[in-house]
$ cat work19.pdb   # PDB, C-alpha atoms and all ligand atoms
ATOM      1  CA  MET Z   1       0.000   0.000   0.000  1.00  0.00           C
ATOM      2  CA  ILE Z   2       1.164   3.524  -0.716  1.00  0.00           C
ATOM      3  CA  GLN Z   3       1.272   5.819   2.303  1.00  0.00           C
ATOM      4  CA  ILE Z   4       2.375   9.411   1.878  1.00  0.00           C
ATOM      5  CA  ALA Z   5       2.544  11.543   5.024  1.00  0.00           C
ATOM      6  CA  ILE Z   6       2.619  15.325   4.717  1.00  0.00           C
ATOM      7  CA  ASP Z   7       2.958  17.209   7.981  1.00  0.00           C
ATOM      8  CA  GLY Z   8       3.764  20.755   8.936  1.00  0.00           C
ATOM      9  CA  PRO Z   9       2.465  23.890  10.632  1.00  0.00           C
ATOM     10  CA  ALA Z  10      -0.714  25.759   9.696  1.00  0.00           C
ATOM     11  CA  GLY Z  11      -0.707  27.461   6.322  1.00  0.00           C
ATOM     12  CA  ALA Z  12       2.533  26.024   4.920  1.00  0.00           C
ATOM     13  CA  GLY Z  13       0.741  24.700   1.833  1.00  0.00           C
ATOM     14  CA  LYS Z  14       0.398  21.059   2.903  1.00  0.00           C
ATOM     15  CA  SER Z  15      -3.140  20.530   1.678  1.00  0.00           C
ATOM     16  CA  THR Z  16      -2.536  22.111  -1.742  1.00  0.00           C
ATOM     17  CA  VAL Z  17       0.477  19.862  -2.256  1.00  0.00           C
ATOM     18  CA  ALA Z  18      -1.224  16.765  -0.840  1.00  0.00           C
ATOM     19  CA  LYS Z  19      -4.299  17.225  -3.041  1.00  0.00           C
ATOM     20  CA  GLU Z  20      -2.253  17.663  -6.198  1.00  0.00           C
ATOM     21  CA  VAL Z  21       0.030  14.701  -5.451  1.00  0.00           C
ATOM     22  CA  ALA Z  22      -3.030  12.504  -4.802  1.00  0.00           C
ATOM     23  CA  ARG Z  23      -4.608  13.715  -8.045  1.00  0.00           C
ATOM     24  CA  ARG Z  24      -1.494  12.938 -10.094  1.00  0.00           C
ATOM     25  CA  LEU Z  25      -1.180   9.471  -8.574  1.00  0.00           C
ATOM     26  CA  GLY Z  26      -4.911   8.797  -8.783  1.00  0.00           C
ATOM     27  CA  ILE Z  27      -5.144   7.889  -5.105  1.00  0.00           C
ATOM     28  CA  ASN Z  28      -7.162   9.234  -2.156  1.00  0.00           C
ATOM     29  CA  TYR Z  29      -6.315  12.286  -0.107  1.00  0.00           C
ATOM     30  CA  LEU Z  30      -7.266  12.577   3.547  1.00  0.00           C
ATOM     31  CA  ASP Z  31      -7.245  16.016   5.162  1.00  0.00           C
ATOM     32  CA  THR Z  32      -6.983  15.075   8.838  1.00  0.00           C
ATOM     33  CA  GLY Z  33      -7.200  18.708   9.983  1.00  0.00           C
ATOM     34  CA  ALA Z  34     -10.780  18.748   8.677  1.00  0.00           C
ATOM     35  CA  MET Z  35     -11.593  15.925  11.099  1.00  0.00           C
ATOM     36  CA  TYR Z  36     -10.333  17.940  14.105  1.00  0.00           C
ATOM     37  CA  ARG Z  37     -12.240  20.939  12.765  1.00  0.00           C
ATOM     38  CA  ALA Z  38     -15.455  18.907  12.480  1.00  0.00           C
ATOM     39  CA  MET Z  39     -15.017  17.597  16.004  1.00  0.00           C
ATOM     40  CA  ALA Z  40     -14.583  21.172  17.270  1.00  0.00           C
ATOM     41  CA  VAL Z  41     -17.698  22.368  15.438  1.00  0.00           C
ATOM     42  CA  ALA Z  42     -19.765  19.434  16.729  1.00  0.00           C
ATOM     43  CA  VAL Z  43     -18.649  20.114  20.315  1.00  0.00           C
ATOM     44  CA  LEU Z  44     -19.196  23.883  20.082  1.00  0.00           C
ATOM     45  CA  ARG Z  45     -22.703  23.288  18.688  1.00  0.00           C
ATOM     46  CA  ARG Z  46     -23.520  21.363  21.834  1.00  0.00           C
ATOM     47  CA  GLY Z  47     -22.759  24.529  23.810  1.00  0.00           C
ATOM     48  CA  ILE Z  48     -19.605  23.016  25.304  1.00  0.00           C
ATOM     49  CA  GLU Z  49     -16.479  25.120  25.789  1.00  0.00           C
ATOM     50  CA  ILE Z  50     -13.431  23.372  24.437  1.00  0.00           C
ATOM     51  CA  SER Z  51     -11.384  24.427  27.469  1.00  0.00           C
ATOM     52  CA  ASP Z  52     -13.689  22.175  29.539  1.00  0.00           C
ATOM     53  CA  HIS Z  53     -11.888  18.927  28.720  1.00  0.00           C
ATOM     54  CA  ALA Z  54     -14.042  16.793  31.016  1.00  0.00           C
ATOM     55  CA  LYS Z  55     -17.220  17.916  29.200  1.00  0.00           C
ATOM     56  CA  VAL Z  56     -15.598  17.403  25.793  1.00  0.00           C
ATOM     57  CA  LYS Z  57     -14.619  13.852  26.752  1.00  0.00           C
ATOM     58  CA  GLU Z  58     -18.148  13.172  27.971  1.00  0.00           C
ATOM     59  CA  ALA Z  59     -19.575  14.398  24.668  1.00  0.00           C
ATOM     60  CA  LEU Z  60     -17.230  12.240  22.564  1.00  0.00           C
ATOM     61  CA  ALA Z  61     -19.297   9.065  22.937  1.00  0.00           C
ATOM     62  CA  GLY Z  62     -22.217  10.829  21.231  1.00  0.00           C
ATOM     63  CA  ILE Z  63     -20.242  12.260  18.283  1.00  0.00           C
ATOM     64  CA  LYS Z  64     -19.376   9.998  15.385  1.00  0.00           C
ATOM     65  CA  ILE Z  65     -17.120  11.565  12.766  1.00  0.00           C
ATOM     66  CA  THR Z  66     -17.137  10.055   9.269  1.00  0.00           C
ATOM     67  CA  VAL Z  67     -15.448  11.010   6.028  1.00  0.00           C
ATOM     68  CA  ARG Z  68     -16.974  10.704   2.557  1.00  0.00           C
ATOM     69  CA  TYR Z  69     -15.881  11.591  -0.938  1.00  0.00           C
ATOM     70  CA  THR Z  70     -18.092  13.272  -3.512  1.00  0.00           C
ATOM     71  CA  GLN Z  71     -16.539  13.986  -6.922  1.00  0.00           C
ATOM     72  CA  GLN Z  72     -13.065  13.585  -5.407  1.00  0.00           C
ATOM     73  CA  GLU Z  73     -13.930  16.136  -2.743  1.00  0.00           C
ATOM     74  CA  GLN Z  74     -13.696  15.216   0.913  1.00  0.00           C
ATOM     75  CA  ARG Z  75     -16.746  15.839   3.082  1.00  0.00           C
ATOM     76  CA  VAL Z  76     -16.689  15.437   6.856  1.00  0.00           C
ATOM     77  CA  LEU Z  77     -19.819  14.470   8.758  1.00  0.00           C
ATOM     78  CA  ALA Z  78     -20.701  14.343  12.435  1.00  0.00           C
ATOM     79  CA  ASN Z  79     -23.522  11.909  13.185  1.00  0.00           C
ATOM     80  CA  GLY Z  80     -24.439  11.955   9.512  1.00  0.00           C
ATOM     81  CA  GLU Z  81     -24.637  15.753   9.264  1.00  0.00           C
ATOM     82  CA  ASP Z  82     -22.282  17.252   6.686  1.00  0.00           C
ATOM     83  CA  LEU Z  83     -20.229  19.944   8.463  1.00  0.00           C
ATOM     84  CA  THR Z  84     -17.779  20.597   5.614  1.00  0.00           C
ATOM     85  CA  ASP Z  85     -19.089  24.092   4.907  1.00  0.00           C
ATOM     86  CA  PHE Z  86     -18.607  25.173   8.526  1.00  0.00           C
ATOM     87  CA  LEU Z  87     -14.990  24.131   9.048  1.00  0.00           C
ATOM     88  CA  ARG Z  88     -13.141  27.296   8.004  1.00  0.00           C
ATOM     89  CA  THR Z  89     -14.565  29.880  10.419  1.00  0.00           C
ATOM     90  CA  PRO Z  90     -12.153  31.481  12.943  1.00  0.00           C
ATOM     91  CA  GLU Z  91     -13.967  29.589  15.763  1.00  0.00           C
ATOM     92  CA  ALA Z  92     -13.526  26.229  14.044  1.00  0.00           C
ATOM     93  CA  THR Z  93      -9.885  27.037  13.304  1.00  0.00           C
ATOM     94  CA  LYS Z  94      -8.979  27.960  16.868  1.00  0.00           C
ATOM     95  CA  GLY Z  95     -11.286  25.252  18.267  1.00  0.00           C
ATOM     96  CA  SER Z  96      -9.616  22.521  16.211  1.00  0.00           C
ATOM     97  CA  SER Z  97      -6.163  23.370  17.545  1.00  0.00           C
ATOM     98  CA  ASP Z  98      -7.500  23.535  21.109  1.00  0.00           C
ATOM     99  CA  ILE Z  99      -9.472  20.286  20.903  1.00  0.00           C
ATOM    100  CA  ALA Z 100      -6.510  18.482  19.317  1.00  0.00           C
ATOM    101  CA  VAL Z 101      -4.571  18.617  22.606  1.00  0.00           C
ATOM    102  CA  ILE Z 102      -7.069  16.188  24.198  1.00  0.00           C
ATOM    103  CA  PRO Z 103      -5.688  12.615  23.894  1.00  0.00           C
ATOM    104  CA  ALA Z 104      -9.173  11.004  23.821  1.00  0.00           C
ATOM    105  CA  VAL Z 105     -10.090  13.119  20.792  1.00  0.00           C
ATOM    106  CA  ARG Z 106      -6.875  12.186  19.011  1.00  0.00           C
ATOM    107  CA  LEU Z 107      -7.232   8.455  19.699  1.00  0.00           C
ATOM    108  CA  GLU Z 108     -10.720   8.471  18.241  1.00  0.00           C
ATOM    109  CA  LEU Z 109      -9.725  10.307  15.046  1.00  0.00           C
ATOM    110  CA  VAL Z 110      -6.406   8.477  14.602  1.00  0.00           C
ATOM    111  CA  ALA Z 111      -8.278   5.149  14.625  1.00  0.00           C
ATOM    112  CA  ILE Z 112     -10.382   6.349  11.676  1.00  0.00           C
ATOM    113  CA  GLN Z 113      -7.295   7.658   9.852  1.00  0.00           C
ATOM    114  CA  ARG Z 114      -5.460   4.353  10.233  1.00  0.00           C
ATOM    115  CA  GLU Z 115      -8.499   2.450   9.012  1.00  0.00           C
ATOM    116  CA  VAL Z 116      -8.615   4.616   5.864  1.00  0.00           C
ATOM    117  CA  ALA Z 117      -4.910   3.896   5.244  1.00  0.00           C
ATOM    118  CA  ARG Z 118      -5.540   0.172   5.714  1.00  0.00           C
ATOM    119  CA  GLN Z 119      -8.142   0.227   2.938  1.00  0.00           C
ATOM    120  CA  TYR Z 120      -6.719   2.669   0.396  1.00  0.00           C
ATOM    121  CA  ASP Z 121      -3.473   3.989  -1.001  1.00  0.00           C
ATOM    122  CA  ILE Z 122      -3.408   7.414   0.585  1.00  0.00           C
ATOM    123  CA  VAL Z 123      -1.883  10.865   0.817  1.00  0.00           C
ATOM    124  CA  MET Z 124      -2.601  12.159   4.318  1.00  0.00           C
ATOM    125  CA  ASP Z 125      -1.820  15.605   5.661  1.00  0.00           C
ATOM    126  CA  GLY Z 126      -1.795  16.810   9.243  1.00  0.00           C
ATOM    127  CA  ARG Z 127       0.561  17.350  12.154  1.00  0.00           C
ATOM    128  CA  ASP Z 128       1.378  13.844  13.411  1.00  0.00           C
ATOM    129  CA  ILE Z 129       0.953  11.608  10.370  1.00  0.00           C
ATOM    130  CA  GLY Z 130       4.639  10.725   9.947  1.00  0.00           C
ATOM    131  CA  THR Z 131       5.387  10.542  13.677  1.00  0.00           C
ATOM    132  CA  TYR Z 132       2.285   8.833  15.009  1.00  0.00           C
ATOM    133  CA  VAL Z 133      -0.553   7.940  12.632  1.00  0.00           C
ATOM    134  CA  LEU Z 134       1.462   6.209   9.892  1.00  0.00           C
ATOM    135  CA  PRO Z 135       4.983   5.683  11.301  1.00  0.00           C
ATOM    136  CA  ASP Z 136       5.730   3.080   8.590  1.00  0.00           C
ATOM    137  CA  ALA Z 137       4.908   5.346   5.643  1.00  0.00           C
ATOM    138  CA  LYS Z 138       7.813   5.227   3.200  1.00  0.00           C
ATOM    139  CA  ALA Z 139       7.306   8.781   1.930  1.00  0.00           C
ATOM    140  CA  LYS Z 140       7.180  11.463   4.626  1.00  0.00           C
ATOM    141  CA  PHE Z 141       7.416  15.215   4.217  1.00  0.00           C
ATOM    142  CA  PHE Z 142       7.622  18.076   6.669  1.00  0.00           C
ATOM    143  CA  VAL Z 143       6.432  21.202   4.897  1.00  0.00           C
ATOM    144  CA  VAL Z 144       7.333  24.538   6.472  1.00  0.00           C
ATOM    145  CA  ALA Z 145       7.403  28.262   5.619  1.00  0.00           C
ATOM    146  CA  SER Z 146       8.108  31.339   7.699  1.00  0.00           C
ATOM    147  CA  VAL Z 147       5.227  32.739   9.784  1.00  0.00           C
ATOM    148  CA  LYS Z 148       5.348  35.962   7.734  1.00  0.00           C
ATOM    149  CA  GLU Z 149       5.039  34.099   4.446  1.00  0.00           C
ATOM    150  CA  ARG Z 150       2.220  31.886   5.730  1.00  0.00           C
ATOM    151  CA  ALA Z 151       0.311  34.952   6.975  1.00  0.00           C
ATOM    152  CA  ARG Z 152       0.871  36.671   3.623  1.00  0.00           C
ATOM    153  CA  ARG Z 153      -0.548  33.688   1.704  1.00  0.00           C
ATOM    154  CA  ARG Z 154      -3.539  33.497   4.025  1.00  0.00           C
ATOM    155  CA  TYR Z 155      -4.105  37.253   3.593  1.00  0.00           C
ATOM    156  CA  LEU Z 156      -4.154  36.920  -0.203  1.00  0.00           C
ATOM    157  CA  GLU Z 157      -6.417  33.871  -0.093  1.00  0.00           C
ATOM    158  CA  LEU Z 158      -8.944  35.662   2.137  1.00  0.00           C
ATOM    159  CA  LYS Z 159      -8.793  38.784  -0.002  1.00  0.00           C
ATOM    160  CA  LYS Z 160      -9.565  36.722  -3.074  1.00  0.00           C
ATOM    161  CA  ASN Z 161     -12.696  35.563  -1.254  1.00  0.00           C
ATOM    162  CA  GLY Z 162     -13.665  39.154  -0.419  1.00  0.00           C
ATOM    163  CA  VAL Z 163     -12.485  39.102   3.208  1.00  0.00           C
ATOM    164  CA  GLU Z 164     -10.011  41.726   4.399  1.00  0.00           C
ATOM    165  CA  ARG Z 165      -8.150  40.894   7.628  1.00  0.00           C
ATOM    166  CA  PRO Z 166      -5.147  42.769   9.084  1.00  0.00           C
ATOM    167  CA  LEU Z 167      -1.917  40.957   8.236  1.00  0.00           C
ATOM    168  CA  GLU Z 168      -0.595  41.322  11.803  1.00  0.00           C
ATOM    169  CA  GLN Z 169      -3.700  39.627  13.171  1.00  0.00           C
ATOM    170  CA  LEU Z 170      -3.294  36.671  10.816  1.00  0.00           C
ATOM    171  CA  GLU Z 171       0.350  36.431  11.780  1.00  0.00           C
ATOM    172  CA  ALA Z 172      -0.558  36.368  15.484  1.00  0.00           C
ATOM    173  CA  GLU Z 173      -3.210  33.669  14.934  1.00  0.00           C
ATOM    174  CA  ILE Z 174      -0.824  31.460  12.993  1.00  0.00           C
ATOM    175  CA  ALA Z 175       1.897  31.863  15.621  1.00  0.00           C
ATOM    176  CA  ALA Z 176      -0.593  30.988  18.381  1.00  0.00           C
ATOM    177  CA  ARG Z 177      -1.692  27.854  16.542  1.00  0.00           C
ATOM    178  CA  ASP Z 178       1.939  26.830  15.964  1.00  0.00           C
ATOM    179  CA  LYS Z 179       2.493  27.132  19.694  1.00  0.00           C
ATOM    180  CA  THR Z 180      -0.549  25.020  20.665  1.00  0.00           C
ATOM    181  CA  ASP Z 181       0.226  22.361  18.026  1.00  0.00           C
ATOM    182  CA  THR Z 182       3.933  22.144  18.896  1.00  0.00           C
ATOM    183  CA  GLU Z 183       3.712  22.267  22.666  1.00  0.00           C
ATOM    184  CA  ARG Z 184       0.913  19.779  23.305  1.00  0.00           C
ATOM    185  CA  GLU Z 185       2.006  16.629  25.079  1.00  0.00           C
ATOM    186  CA  PHE Z 186       0.335  13.932  23.002  1.00  0.00           C
ATOM    187  CA  ALA Z 187       1.602  13.554  19.394  1.00  0.00           C
ATOM    188  CA  PRO Z 188       2.772  17.161  18.967  1.00  0.00           C
ATOM    189  CA  LEU Z 189       3.725  18.726  15.669  1.00  0.00           C
ATOM    190  CA  ARG Z 190       7.305  17.744  14.894  1.00  0.00           C
ATOM    191  CA  GLN Z 191       9.340  16.442  12.006  1.00  0.00           C
ATOM    192  CA  ALA Z 192       9.716  12.652  11.905  1.00  0.00           C
ATOM    193  CA  ALA Z 193      13.355  11.491  11.845  1.00  0.00           C
ATOM    194  CA  ASP Z 194      12.824   9.992   8.376  1.00  0.00           C
ATOM    195  CA  ALA Z 195      10.796  12.889   6.905  1.00  0.00           C
ATOM    196  CA  VAL Z 196      12.126  15.142   4.158  1.00  0.00           C
ATOM    197  CA  LEU Z 197      12.077  18.816   5.114  1.00  0.00           C
ATOM    198  CA  VAL Z 198      10.526  21.070   2.463  1.00  0.00           C
ATOM    199  CA  ASP Z 199      10.821  24.804   3.112  1.00  0.00           C
ATOM    200  CA  THR Z 200       8.284  26.412   0.769  1.00  0.00           C
ATOM    201  CA  THR Z 201       9.002  30.030   1.783  1.00  0.00           C
ATOM    202  CA  ASN Z 202      10.632  30.731  -1.568  1.00  0.00           C
ATOM    203  CA  MET Z 203       9.077  27.948  -3.671  1.00  0.00           C
ATOM    204  CA  ASP Z 204       5.962  27.999  -5.785  1.00  0.00           C
ATOM    205  CA  ILE Z 205       3.445  25.205  -5.706  1.00  0.00           C
ATOM    206  CA  ASP Z 206       4.646  23.511  -8.913  1.00  0.00           C
ATOM    207  CA  GLU Z 207       8.192  23.304  -7.590  1.00  0.00           C
ATOM    208  CA  VAL Z 208       7.003  21.765  -4.338  1.00  0.00           C
ATOM    209  CA  VAL Z 209       4.761  19.226  -6.098  1.00  0.00           C
ATOM    210  CA  SER Z 210       7.543  18.186  -8.518  1.00  0.00           C
ATOM    211  CA  PHE Z 211       9.982  17.752  -5.652  1.00  0.00           C
ATOM    212  CA  VAL Z 212       7.509  15.673  -3.618  1.00  0.00           C
ATOM    213  CA  MET Z 213       6.532  13.546  -6.649  1.00  0.00           C
ATOM    214  CA  GLN Z 214      10.189  12.746  -7.325  1.00  0.00           C
ATOM    215  CA  LYS Z 215      10.744  11.606  -3.729  1.00  0.00           C
ATOM    216  CA  VAL Z 216       7.512   9.577  -3.737  1.00  0.00           C
ATOM    217  CA  LYS Z 217       8.638   7.730  -6.867  1.00  0.00           C
ATOM    218  CA  GLU Z 218      11.963   6.945  -5.202  1.00  0.00           C
ATOM    219  CA  ALA Z 219      10.159   5.690  -2.097  1.00  0.00           C
ATOM    220  CA  TYR Z 220       7.687   3.492  -4.009  1.00  0.00           C
ATOM    221  CA  PRO Z 221       9.562   2.428  -7.157  1.00  0.00           C
ATOM    222  CA  ASP Z 222       7.593  -0.806  -7.555  1.00  0.00           C
ATOM    223  CA  ASP Z 223       4.133   0.656  -7.009  1.00  0.00           C
ATOM    224  CA  LEU Z 224       4.233   3.713  -9.268  1.00  0.00           C
TER     225      LEU Z 224
HETATM  226  O1  LIG Q   1      -4.539  21.377   9.030  1.00  0.00           O
HETATM  227  P1  LIG Q   1      -5.556  22.258   9.695  1.00  0.00           P
HETATM  228  O2  LIG Q   1      -5.085  23.671   9.842  1.00  0.00           O
HETATM  229  O3  LIG Q   1      -6.908  22.176   9.057  1.00  0.00           O
HETATM  230  O4  LIG Q   1      -5.709  21.646  11.184  1.00  0.00           O
HETATM  231  C1  LIG Q   1      -6.521  22.240  12.157  1.00  0.00           C
HETATM  232  C2  LIG Q   1      -6.014  21.899  13.552  1.00  0.00           C
HETATM  233  O5  LIG Q   1      -6.207  20.497  13.810  1.00  0.00           O
HETATM  234  C3  LIG Q   1      -4.531  22.143  13.800  1.00  0.00           C
HETATM  235  O6  LIG Q   1      -4.276  23.445  14.286  1.00  0.00           O
HETATM  236  C4  LIG Q   1      -4.150  21.079  14.789  1.00  0.00           C
HETATM  237  C5  LIG Q   1      -5.130  19.977  14.565  1.00  0.00           C
HETATM  238  N1  LIG Q   1      -4.561  18.824  13.861  1.00  0.00           N
HETATM  239  C6  LIG Q   1      -3.850  17.914  14.591  1.00  0.00           C
HETATM  240  O7  LIG Q   1      -3.649  18.113  15.792  1.00  0.00           O
HETATM  241  N2  LIG Q   1      -3.379  16.782  14.012  1.00  0.00           N
HETATM  242  C7  LIG Q   1      -3.566  16.545  12.714  1.00  0.00           C
HETATM  243  N3  LIG Q   1      -3.117  15.417  12.172  1.00  0.00           N
HETATM  244  C8  LIG Q   1      -4.279  17.495  11.917  1.00  0.00           C
HETATM  245  C9  LIG Q   1      -4.741  18.639  12.523  1.00  0.00           C
END

$ encode --input "work19.pdb" --output "structure tokens" --more "lines below"
Ligand code: DC
Amino acid sequence: MIQIAIDGPAGAGKSTVAKEVARRLGINYLDTGAMYRAMAVAVLRRGIEISDHAKVKEALAGIKITVRYTQQEQRVLANGEDLTDFLRTPEATKGSSDIAVIPAVRLELVAIQREVARQYDIVMDGRDIGTYVLPDAKAKFFVVASVKERARRRYLELKKNGVERPLEQLEAEIAARDKTDTEREFAPLRQAADAVLVDTTNMDIDEVVSFVMQKVKEAYPDDL
């Protein structure tokens, strides 16, 4: 089975690269961040504050996250309700990072992620794919870019969608998320020993995809 792990901090371009690599190889792509986002939205909708870890854990038994694909696009559902369109709000973004520190949440979502990788060849992106979810993946990447560059890309992306946010605010949000994701105890964001570091600060998307594709072919010479 082909397992490609793409990890890195928020906004480094992981999902764009992962999607394109999956498309070129004709295999599935799993955005694991969307699963943490969906969990956060489902919990917030129950009126629970994510800082109340005991309440979140209590609620977990009643929240079943599933992933589906429609026309190659990933949809994430909680108890059958499609939450995909609600995953990119500032609340869902901060909530996902905050809820991801809770081990019980991670164990639940990691089990689903591993099951997907058992069934399909997969490109998976997240924070702990190479270190924890798929430690045996033969192709692992750690995609980074400076905080300034990540905030700049986010600024342009939002602007394109008609939303104007101060650059400094975006920079502060990204730095805060880096801190939460890196400093949590259970499966924090870090580069796996056998992952290839890709600094995209001065690379465009085509360059990154070509580089990753080359490494993937070297890692799976018999399968591709
Ligand atoms: O990739 P993203 O920005 O959509 O992820 C949202 C949050 O989910 C991120 O800040 C931390 C958490 N996350 C995680 O802890 N582990 C993963 N494998 C993916 C995401």

$ residues_near_ligand --input "work19.pdb" --ligand "ligand LIG 1 (chain Q)" --cutoff "9 Å" --atoms "all atoms listed in the file" --output "count of residues only"
46

$ atom_distance --input "work19.pdb" --atom1 "atom CA of Leu77 of chain Z" --atom2 "atom CA of Leu158 of chain Z"
24.7 Å

$ closest_residue --input "work19.pdb" --among "Z:Asp194, Z:Glu218, Z:Glu20, Z:Asp199" --to "Asp136 of chain Z" --atoms "all atoms listed in the file"
Z:Asp194

$ atom_distance --input "work19.pdb" --atom1 "atom CA of Pro135 of chain Z" --atom2 "atom CA of Ala192 of chain Z"
8.4 Å

$ residues_around --input "work19.pdb" --residues "Glu73 of chain Z" --least-positions-apart "4" --cutoff "10 Å" --atoms "only C-alpha atoms" --output "list in words"
Lys19, Asn28, Tyr29, Leu30, Arg68 and Tyr69 of chain Z

$ atom_distance --input "work19.pdb" --atom1 "atom CA of Gln72 of chain Z" --atom2 "atom CA of Glu207 of chain Z"
23.5 Å

$ axis_aligned_box --input "work19.pdb" --around "segment 13-25 of chain Z" --padding-each-side "8 Å" --output "AutoDock Vina command-line options"
--center_x -1.9 --center_y 17.1 --center_z -3.6 --size_x 21.3 --size_y 31.2 --size_z 29.0

$ closest_residue --input "work19.pdb" --among "Z:Lys148, Z:Arg45, Z:Arg75, Z:Arg118" --to "Asn202 of chain Z" --atoms "all atoms listed in the file"
Z:Lys148

$ resolve_selection --input "work19.pdb" --expression "the PyMOL selection byres (((chain Z and resi 63) around 8) and not hetatm)" --output "ChimeraX atom specification"
/Z:39,42,59-62,64-65,78-79

$ closest_residue --input "work19.pdb" --among "Z:Lys140, Z:Arg165, Z:Lys159, Z:Lys215" --to "Gln191 of chain Z" --atoms "only C-alpha atoms"
Z:Lys140

$ residues_around --input "work19.pdb" --residues "Leu224 of chain Z" --least-positions-apart "2" --cutoff "12 Å" --atoms "all atoms listed in the file" --output "ChimeraX atom specification"
/Z:1-2,24-27,121,213-222

$ closest_residue --input "work19.pdb" --among "Z:Ala40, Z:Arg114, Z:Ala176, Z:Val212" --to "Ala195 of chain Z" --atoms "all atoms listed in the file"
Z:Val212

$ residues_near_point --input "work19.pdb" --point "(8.4, 26.3, 1.5)" --cutoff "12 Å" --atoms "all atoms listed in the file" --output "compact mmCIF listing (two decimals) with C-alpha atoms, in the coordinates of the input"
# COMPACT_ATOMS: atom_id res chain seq x y z
CA GLY Z 8 3.76 20.76 8.94
CA PRO Z 9 2.46 23.89 10.63
CA GLY Z 11 -0.71 27.46 6.32
CA ALA Z 12 2.53 26.02 4.92
CA GLY Z 13 0.74 24.70 1.83
CA LYS Z 14 0.40 21.06 2.90
CA VAL Z 17 0.48 19.86 -2.26
CA PHE Z 141 7.42 15.22 4.22
CA PHE Z 142 7.62 18.08 6.67
CA VAL Z 143 6.43 21.20 4.90
CA VAL Z 144 7.33 24.54 6.47
CA ALA Z 145 7.40 28.26 5.62
CA SER Z 146 8.11 31.34 7.70
CA VAL Z 147 5.23 32.74 9.78
CA LYS Z 148 5.35 35.96 7.73
CA GLU Z 149 5.04 34.10 4.45
CA ARG Z 150 2.22 31.89 5.73
CA ARG Z 153 -0.55 33.69 1.70
CA LEU Z 197 12.08 18.82 5.11
CA VAL Z 198 10.53 21.07 2.46
CA ASP Z 199 10.82 24.80 3.11
CA THR Z 200 8.28 26.41 0.77
CA THR Z 201 9.00 30.03 1.78
CA ASN Z 202 10.63 30.73 -1.57
CA MET Z 203 9.08 27.95 -3.67
CA ASP Z 204 5.96 28.00 -5.78
CA ILE Z 205 3.44 25.20 -5.71
CA ASP Z 206 4.65 23.51 -8.91
CA GLU Z 207 8.19 23.30 -7.59
CA VAL Z 208 7.00 21.76 -4.34
CA VAL Z 209 4.76 19.23 -6.10
CA PHE Z 211 9.98 17.75 -5.65
CA VAL Z 212 7.51 15.67 -3.62

$ closest_residue --input "work19.pdb" --among "Z:Gln71, Z:Ser210, Z:Arg152, Z:Val43" --to "Val56 of chain Z" --atoms "all atoms listed in the file"
Z:Val43
